[in-house]
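Trainee: Would you mind keeping the following structure in view while I ask a few things?
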Amino acid sequence: MLEALLFFFIVVAGTGGELCVSRAMKGIGEVHDFRPMALLRFIGHALRIPWMWLGVALMALGFFSLLAILSFLEVSFVVPVSALSYAAGAFGAKAFLGERISRNRWLGIAVVCIGVTIVWWSGR
Amino acid sequence: MNARWRIVNTQLTRQYAVLSLKLKIYLIRDVILLRLGQSVKDAGHKVPVARIQLSALAFSPVANSRKLELISSSSDSACFHRSHSVQDIGLTHRVTHTRRLHLKSIPMIMLSILLGPLGNVMLGKGMKAIGPVSLKAFSDIFAVASRVLTSPFIWLGIASLMAFMIVHMLLLTWADYSYVQPATSLSYATVALLSYFLLGEVVTPLRWLGIAVICFGVFIVGRTAPSTTGVFE
């Protein structure tokens, strides 16, 4: 039960965090200037967007969940199962960013899910 | 990232003296978008072409498809409604750099499929040494956090994951996402190998099968052309 919850955080919070950061970055727009001061201003601007904070918080939650789960499960089990984030990413991008997902991409995601199921069956 | 390209097309030059295009490359999550801000000069006057959009990834030298599509959003310049292959268009630095790019892409891909899994394996090693995290009381968080933050393996893992991110981002500045991602699907195999050799984990044949299926799935995901969400304003 605890594992399922931690995997949920790794997959959903990790992907959700990336989506939020991506949304915040799109709001700022393209980086043209790579001088140190301009980059600092860019970071300052990024930190004023609530989506950025939400994204970083979610990514941190995902990372700490990964650490927690690695304390009692094998790496060769945890990392393949966390490939479910491909599915979460596709659903999130569709719902949250309005991206269109092609049929082949859904097919690939279905294959990833089958692989995760097999790894899950292989036991911990 | 900005790049200037000069496009002089034989078909277009019949109507337009010079077509000078400024190309911008956008990297938004897994979609690389190319957008053009254009100035089209007619023999006498400027032609109001509203916007020219390139199909995603068209220019990247490692791209499979070398189709460059020019689409105009204004109906009175219908002459833009056609596809040109890059060969038709005199693009500076086009295919000549492909070999050089492959020469630097392959070591970088190998580095990225080593560094990412190595980071995870190091985190695993550090956390196994700490032992199962039990958060019975709120104060346990601080005890666990102090042990996590003082573990050299955790810091090694974090450093390795950060190096992986840097290599990955560098790679994406010149190579296609659809070229990089299928290749990095191999990292699921590397993670199993490293956890076998470095952590002594037993990887059963069934787990290997599952990992192979995941690699194949990620490969399929990467082979699909990243579709764009349309014109970005």
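For the structure tokens, the naming scheme is as follows: chains receive sequential letters (A, B, ...) according to their order of presentation, residues are indexed from 1 within each chain, and ligands are indexed from 1 in presentation order.
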What's the 10 Å shell around Glu18 (chain A), counting only C-alpha atoms, without same-chain residues fewer than 5 positions away, as a list in words?
Mentor: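 Answer for this query is Val12, Ala13, Arg23, Ala24, Met52, Leu54, Gly55, Val56, Leu58, Met59, Gly89 and Gly92 of chain A; Arg29 of chain B.
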Trainee: Kindly save the residues from that selection, with N, CA and C atoms included, as an mmCIF file, in the first residue's frame.
Mentor:
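again_24.cif, freshly written:
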data_model
loop_
_atom_site.group_PDB
_atom_site.id
_atom_site.type_symbol
_atom_site.label_atom_id
_atom_site.label_comp_id
_atom_site.auth_asym_id
_atom_site.auth_seq_id
_atom_site.Cartn_x
_atom_site.Cartn_y
_atom_site.Cartn_z
ATOM 1 N N VAL A 12 3.079 10.635 -10.649
ATOM 2 C CA VAL A 12 2.134 11.738 -10.874
ATOM 3 C C VAL A 12 2.730 13.082 -10.438
ATOM 4 N N ALA A 13 3.369 13.107 -9.255
ATOM 5 C CA ALA A 13 3.934 14.391 -8.804
ATOM 6 C C ALA A 13 5.128 14.779 -9.666
ATOM 7 N N ARG A 23 4.761 24.870 -18.102
ATOM 8 C CA ARG A 23 3.748 25.913 -18.295
ATOM 9 C C ARG A 23 4.277 27.282 -17.869
ATOM 10 N N ALA A 24 5.007 27.293 -16.756
ATOM 11 C CA ALA A 24 5.589 28.553 -16.287
ATOM 12 C C ALA A 24 6.602 29.086 -17.297
ATOM 13 N N MET A 52 5.591 27.925 -11.259
ATOM 14 C CA MET A 52 6.961 27.479 -11.038
ATOM 15 C C MET A 52 7.094 26.885 -9.646
ATOM 16 N N LEU A 54 4.715 25.697 -7.694
ATOM 17 C CA LEU A 54 3.953 24.448 -7.622
ATOM 18 C C LEU A 54 4.750 23.323 -8.277
ATOM 19 N N GLY A 55 5.331 23.638 -9.449
ATOM 20 C CA GLY A 55 6.102 22.632 -10.181
ATOM 21 C C GLY A 55 7.292 22.140 -9.381
ATOM 22 N N VAL A 56 8.041 23.086 -8.794
ATOM 23 C CA VAL A 56 9.229 22.685 -8.025
ATOM 24 C C VAL A 56 8.813 21.866 -6.805
ATOM 25 N N LEU A 58 6.155 19.963 -6.501
ATOM 26 C CA LEU A 58 5.729 18.622 -6.933
ATOM 27 C C LEU A 58 6.937 17.765 -7.302
ATOM 28 N N MET A 59 7.924 18.392 -8.002
ATOM 29 C CA MET A 59 9.115 17.626 -8.384
ATOM 30 C C MET A 59 9.890 17.187 -7.143
ATOM 31 N N GLY A 89 2.633 11.500 -18.431
ATOM 32 C CA GLY A 89 3.039 12.661 -19.230
ATOM 33 C C GLY A 89 2.107 12.883 -20.401
ATOM 34 N N GLY A 92 -1.281 14.073 -19.073
ATOM 35 C CA GLY A 92 -1.120 15.435 -18.569
ATOM 36 C C GLY A 92 -0.969 16.443 -19.690
ATOM 37 N N ARG B 29 9.307 21.471 -23.729
ATOM 38 C CA ARG B 29 9.168 20.085 -23.307
ATOM 39 C C ARG B 29 9.769 19.180 -24.371
#
Trainee: Please report as JSON lines every residue of chain A lying within 9 Å of chain B, along with the nearest atom pair and their distance in Å (one decimal), using only C-alpha atoms.
Mentor:
{"residue": "A:Glu18", "atom": "CA", "partner": "B:Arg29", "partner_atom": "CA", "distance": 8.5}
{"residue": "A:Leu19", "atom": "CA", "partner": "B:Arg29", "partner_atom": "CA", "distance": 8.3}
{"residue": "A:Ser22", "atom": "CA", "partner": "B:Arg29", "partner_atom": "CA", "distance": 6.4}
{"residue": "A:Met25", "atom": "CA", "partner": "B:Ile28", "partner_atom": "CA", "distance": 8.4}
{"residue": "A:Lys26", "atom": "CA", "partner": "B:Ile28", "partner_atom": "CA", "distance": 7.4}
{"residue": "A:Glu30", "atom": "CA", "partner": "B:Tyr26", "partner_atom": "CA", "distance": 6.9}
{"residue": "A:Val31", "atom": "CA", "partner": "B:Met1", "partner_atom": "CA", "distance": 7.4}
{"residue": "A:His32", "atom": "CA", "partner": "B:Met1", "partner_atom": "CA", "distance": 6.6}
{"residue": "A:Leu66", "atom": "CA", "partner": "B:Leu123", "partner_atom": "CA", "distance": 8.8}
{"residue": "A:Leu67", "atom": "CA", "partner": "B:Met127", "partner_atom": "CA", "distance": 6.6}
{"residue": "A:Ala68", "atom": "CA", "partner": "B:Val133", "partner_atom": "CA", "distance": 6.1}
{"residue": "A:Ile69", "atom": "CA", "partner": "B:Val133", "partner_atom": "CA", "distance": 8.3}
{"residue": "A:Leu70", "atom": "CA", "partner": "B:Gly124", "partner_atom": "CA", "distance": 5.1}
{"residue": "A:Ser71", "atom": "CA", "partner": "B:Met127", "partner_atom": "CA", "distance": 4.4}
{"residue": "A:Phe72", "atom": "CA", "partner": "B:Pro132", "partner_atom": "CA", "distance": 5.1}
{"residue": "A:Leu73", "atom": "CA", "partner": "B:Gly124", "partner_atom": "CA", "distance": 8.4}
{"residue": "A:Glu74", "atom": "CA", "partner": "B:Glu201", "partner_atom": "CA", "distance": 7.0}
{"residue": "A:Val75", "atom": "CA", "partner": "B:Gly124", "partner_atom": "CA", "distance": 6.0}
{"residue": "A:Ser76", "atom": "CA", "partner": "B:Ala192", "partner_atom": "CA", "distance": 4.9}
{"residue": "A:Phe77", "atom": "CA", "partner": "B:Arg207", "partner_atom": "CA", "distance": 8.0}
{"residue": "A:Val79", "atom": "CA", "partner": "B:Tyr188", "partner_atom": "CA", "distance": 7.3}
{"residue": "A:Pro80", "atom": "CA", "partner": "B:Tyr188", "partner_atom": "CA", "distance": 6.3}
{"residue": "A:Ala83", "atom": "CA", "partner": "B:Ile214", "partner_atom": "CA", "distance": 7.5}
{"residue": "A:Tyr86", "atom": "CA", "partner": "B:Val218", "partner_atom": "CA", "distance": 8.1}
{"residue": "A:Leu97", "atom": "CA", "partner": "B:Thr229", "partner_atom": "CA", "distance": 8.8}
{"residue": "A:Gly98", "atom": "CA", "partner": "B:Thr229", "partner_atom": "CA", "distance": 7.3}
{"residue": "A:Glu99", "atom": "CA", "partner": "B:Thr229", "partner_atom": "CA", "distance": 5.5}
{"residue": "A:Arg100", "atom": "CA", "partner": "B:Thr229", "partner_atom": "CA", "distance": 6.8}
{"residue": "A:Ile101", "atom": "CA", "partner": "B:Ser227", "partner_atom": "CA", "distance": 7.3}
{"residue": "A:Ser102", "atom": "CA", "partner": "B:Thr224", "partner_atom": "CA", "distance": 7.5}
{"residue": "A:Arg103", "atom": "CA", "partner": "B:Thr224", "partner_atom": "CA", "distance": 8.9}
{"residue": "A:Asn104", "atom": "CA", "partner": "B:Thr224", "partner_atom": "CA", "distance": 6.2}
{"residue": "A:Arg105", "atom": "CA", "partner": "B:Val221", "partner_atom": "CA", "distance": 4.8}
{"residue": "A:Trp106", "atom": "CA", "partner": "B:Val221", "partner_atom": "CA", "distance": 7.7}
{"residue": "A:Leu107", "atom": "CA", "partner": "B:Ile220", "partner_atom": "CA", "distance": 7.5}
{"residue": "A:Gly108", "atom": "CA", "partner": "B:Gly217", "partner_atom": "CA", "distance": 4.4}
{"residue": "A:Ile109", "atom": "CA", "partner": "B:Gly217", "partner_atom": "CA", "distance": 6.1}
{"residue": "A:Ala110", "atom": "CA", "partner": "B:Gly217", "partner_atom": "CA", "distance": 7.3}
{"residue": "A:Val111", "atom": "CA", "partner": "B:Gly217", "partner_atom": "CA", "distance": 4.7}
{"residue": "A:Val112", "atom": "CA", "partner": "B:Ile214", "partner_atom": "CA", "distance": 4.4}
{"residue": "A:Cys113", "atom": "CA", "partner": "B:Ile214", "partner_atom": "CA", "distance": 7.4}
{"residue": "A:Ile114", "atom": "CA", "partner": "B:Val213", "partner_atom": "CA", "distance": 7.2}
{"residue": "A:Gly115", "atom": "CA", "partner": "B:Gly210", "partner_atom": "CA", "distance": 4.3}
{"residue": "A:Val116", "atom": "CA", "partner": "B:Gly210", "partner_atom": "CA", "distance": 6.3}
{"residue": "A:Thr117", "atom": "CA", "partner": "B:Gly210", "partner_atom": "CA", "distance": 7.4}
{"residue": "A:Ile118", "atom": "CA", "partner": "B:Gly210", "partner_atom": "CA", "distance": 4.8}
{"residue": "A:Val119", "atom": "CA", "partner": "B:Gly210", "partner_atom": "CA", "distance": 4.8}
{"residue": "A:Trp120", "atom": "CA", "partner": "B:Arg207", "partner_atom": "CA", "distance": 8.1}
{"residue": "A:Trp121", "atom": "CA", "partner": "B:Leu206", "partner_atom": "CA", "distance": 8.0}
{"residue": "A:Ser122", "atom": "CA", "partner": "B:Arg207", "partner_atom": "CA", "distance": 5.3}
{"residue": "A:Gly123", "atom": "CA", "partner": "B:Arg207", "partner_atom": "CA", "distance": 8.3}
Trainee: CA of Thr15 (chain A) and CA of Ser65 (chain A) are how many Å apart?
Mentor: 13.0 Å
Trainee: Report as a count of residues only: the residues of chain A with a DSSP assignment of alpha helix (DSSP H), based on the backbone of this structure.
Mentor: 92
Trainee: Would you mind listing what lies within 10 Å of Phe8 (chain A) as a list in words, with only C-alpha atoms counted and same-chain residues fewer than 5 positions away left out?
Mentor: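 Answer for this query is Leu2, Glu3, Ala13, Gly14, Gly62, Ser65, Ser82, Leu84 and Ser85 of chain A.
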